[in-house]
Amino acid sequence: MRASQEDFESAMNQVKLLKKDPGNEVKLRLYALYKQATEGPCNMPKPGVFDFINKAKWDAWNALGSLPKETARQNYVDLVSSLTSSSESSTQVKPGADRGQQEYENLVVTSEDGITKIMFNRPTRKNAISTQMYQEIMLALKAASKDDSTITVVTGNGDYYCSGNDLANFTDIPPGGVEEKAKQSAIMLRDFVGTFIDFPKPLVAVVNGPAVGISVTILGLFDAVYASDRATFHTPFSHLGLSPEGCASYTFPKIMGPAKSCFSFQATEMLIFGKKLTAGEACAQGLVTEVFPDSTFQKEVWTRLKAYSKLPPNSMRISKQVIRNMEKEKLHAVNAEESSVLQERWLSDECINATMNFLSKKAKL
Ligand SMILES: CCCCC/C=C/CC(=O)SCCNC(=O)CCNC(=O)[C@H](O)C(C)(C)COP(=O)(O)OP(=O)(O)OC[C@H]1O[C@@H](n2cnc3c(N)ncnc32)[C@H](O)[C@@H]1OP(=O)(O)O
């Protein structure tokens, strides 16, 4: 059921009654959803770089892109409801407590109803994964593998699920130069993908919008992928002078089936030619479990996940092991090979030129 105008107004009143300050990120998100729900896509001129507060508000609203008004209204109501219930029953996981440090900067991690939700939270960069964010995702997954939850969910904040690797990652060159950077990146990539290969509990992706690059390839390591019909799936590796990672060179041909050749033309069209799939096409290829209309996506998916989270946790874990363990060794070998090939690609002219073109605003996907 969609949120009515009455639900929306009631949520606005509840915000005023919140006992705890929800923090700036959440306040910006509430502001953006409110503006989108009442006025539609961002229609204000972009404030100057030194007008920090209005720039942050503009960025948050603009990041919602063409999200429909009804969806924004529903998301606003859901967010307020999660804030009011979180002050009563749920725990905002403070990974800083585990690490003895601060909270995550680029993720929102919550645990409720037997489900740990890891939400990418850089909506103004379309949730591009920065170097720090790779580390945070690994930490959050490690914490989730040991917590009391039965299911772990990965999703995105804003209009994108994730725009893949942050292309600015390669501008931060260490004293050892670009070779050293490529080496460090290959190690980080191998560790990152390895964390997904070894994740012991059911892992579900709730793909709320477009997904690009590494956020698509690792979907082959999830146990279920639910997608909004706004989602798209794009792996533009050749456009960027890159090659596949996330074990997609192995999982995609397997998932998409050897329809006409043992290498699966569907997988190669995505991984070599960078064909972008709609959610429906990705579902037909087996990369997505089920597609939902955007207007009912969150409600339907979370209702289903809450029901699954009540299943016996040990049985789910063991079933996952039985399904996945035979493949683990192979997946780690594929991961190592893909990371090592990429270490070379990152130093190629093709890759350096494509990255420079994006960063100097000459190119976009
Ligand atoms: C390091 C080790 C691991 C490496 C693993 C390798 C993985 C490979 C990949 O993931 S390949 C995929 C890489 N991703 C991309 O190529 C996407 C690049 N982004 C775009 O083409 C577009 O931004 C878009 C199509 C995703 C969205 O376009 P739209 O017009 O809707 O929005 P903007 O372009 O205005 O985006 C808003 C701001 O966000 C910045 N941004 C978006 N994505 C990325 C990204 N991947 N990396 C860095 N920055 C990104 C964008 O530049 C805008 O910034 P601005 O407001 O300052 O202009």
# chains A, B, ... in the order shown; residues from 1 in each chain; ligands from 1
call {"tool": "residues_around", "arguments": {"residues": "Glu25 in chain A", "least_positions_apart": "3", "cutoff": "10 Å", "atoms": "only C-alpha atoms", "output": "PyMOL selection string"}}
result
chain A and resi 22+28-31+56+60+105+108+121-122
call {"tool": "closest_atom_pairs", "arguments": {"of": "chain A", "to": "ligand 1", "cutoff": "6 Å", "atoms": "only C-alpha atoms and all ligand atoms", "output": "tab-separated table"}}
result
residue	atom	partner	partner_atom_place_in_ligand_line	distance
A:Thr124	CA	ligand 1	38 (C)	5.7
A:Arg125	CA	ligand 1	39 (O)	3.3
A:Lys126	CA	ligand 1	42 (C)	5.0
A:Ala128	CA	ligand 1	46 (N)	4.7
A:Ser163	CA	ligand 1	46 (N)	4.7
A:Gly164	CA	ligand 1	10 (O)	3.6
A:Asn165	CA	ligand 1	10 (O)	3.7
A:Asp166	CA	ligand 1	47 (N)	3.4
A:Leu167	CA	ligand 1	47 (N)	3.9
A:Ala168	CA	ligand 1	48 (C)	5.4
A:Ser185	CA	ligand 1	2 (C)	4.4
A:Leu189	CA	ligand 1	3 (C)	4.8
A:Val212	CA	ligand 1	12 (C)	5.4
A:Gly213	CA	ligand 1	10 (O)	3.4
A:Ile214	CA	ligand 1	10 (O)	4.1
A:Phe237	CA	ligand 1	11 (S)	5.8
A:Lys364	CA	ligand 1	21 (O)	3.8
A:Leu365	CA	ligand 1	21 (O)	3.9
call {"tool": "closest_residue", "arguments": {"among": "A:Asp113, A:Glu269, A:Glu9, A:Glu180", "to": "Arg304 in chain A", "atoms": "only C-alpha atoms"}}
result
A:Asp113
call {"tool": "atom_distance", "arguments": {"atom1": "CA of Thr251 in chain A", "atom2": "CA of His239 in chain A"}}
result
21.2 Å
call {"tool": "closest_residue", "arguments": {"among": "A:Ser319, A:Phe170, A:Phe252, A:Phe292", "to": "Ala354 in chain A", "atoms": "only C-alpha atoms"}}
result
A:Phe170
call {"tool": "select_by_dssp", "arguments": {"residues": "range 27-218 of chain A", "states": "helix (DSSP H, G or I)", "output": "number ranges by chain"}}
result
A: 27-39, 52-62, 69-88, 95-99, 123-125, 131-146, 167-171, 177-197, 214-218
call {"tool": "select_by_dssp", "arguments": {"residues": "range 55-303 of chain A", "states": "strand (DSSP E)", "output": "ChimeraX atom specification"}}
result
/A:91-92,107-112,115-120,151-156,203-207,211-212,224-228,232-234,277-278,290-292
call {"tool": "residues_around", "arguments": {"residues": "Gly246 in chain A", "least_positions_apart": "6", "cutoff": "7 Å", "atoms": "only C-alpha atoms", "output": "JSON, numbers by chain"}}
result
{"A": [193, 214, 217, 218, 335]}
call {"tool": "write_last_selection", "arguments": {"atoms": "C-alpha atoms", "output": "mmCIF file, in the first residue's frame"}}
result
data_model
loop_
_atom_site.group_PDB
_atom_site.id
_atom_site.type_symbol
_atom_site.label_atom_id
_atom_site.label_comp_id
_atom_site.auth_asym_id
_atom_site.auth_seq_id
_atom_site.Cartn_x
_atom_site.Cartn_y
_atom_site.Cartn_z
ATOM 1 C CA VAL A 193 35.614 -9.540 -3.199
ATOM 2 C CA ILE A 214 31.711 -3.582 -9.270
ATOM 3 C CA THR A 217 29.640 -7.901 -10.725
ATOM 4 C CA ILE A 218 29.530 -8.876 -7.042
ATOM 5 C CA ASN A 335 39.226 -13.364 -7.823
#
call {"tool": "residues_around", "arguments": {"residues": "Glu70 in chain A", "least_positions_apart": "3", "cutoff": "10 Å", "atoms": "only C-alpha atoms", "output": "list in words"}}
result
Arg2, Ala3, Ser4, Gln5, Gln36, Ala37, Thr38, Gly40, Leu67, Arg73, Gln74, Asn75, Tyr76, Asp294, Ser295 and Thr296 of chain A
call {"tool": "atom_distance", "arguments": {"atom1": "CA of Ser309 in chain A", "atom2": "CA of Leu331 in chain A"}}
result
26.9 Å
call {"tool": "closest_residue", "arguments": {"among": "A:Gly114, A:Pro41, A:Gly286, A:Pro174", "to": "Pro202 in chain A", "atoms": "only C-alpha atoms"}}
result
A:Gly114
call {"tool": "residues_around", "arguments": {"residues": "Val206 in chain A", "least_positions_apart": "5", "cutoff": "10 Å", "atoms": "only C-alpha atoms", "output": "list in words"}}
result
Lys117, Met119, Val153, Val154, Thr155, Gly156, Tyr161, Ala224, Val225, Tyr226, Ala227, Ser228, Phe297, Gln298, Val301 and Trp302 of chain A
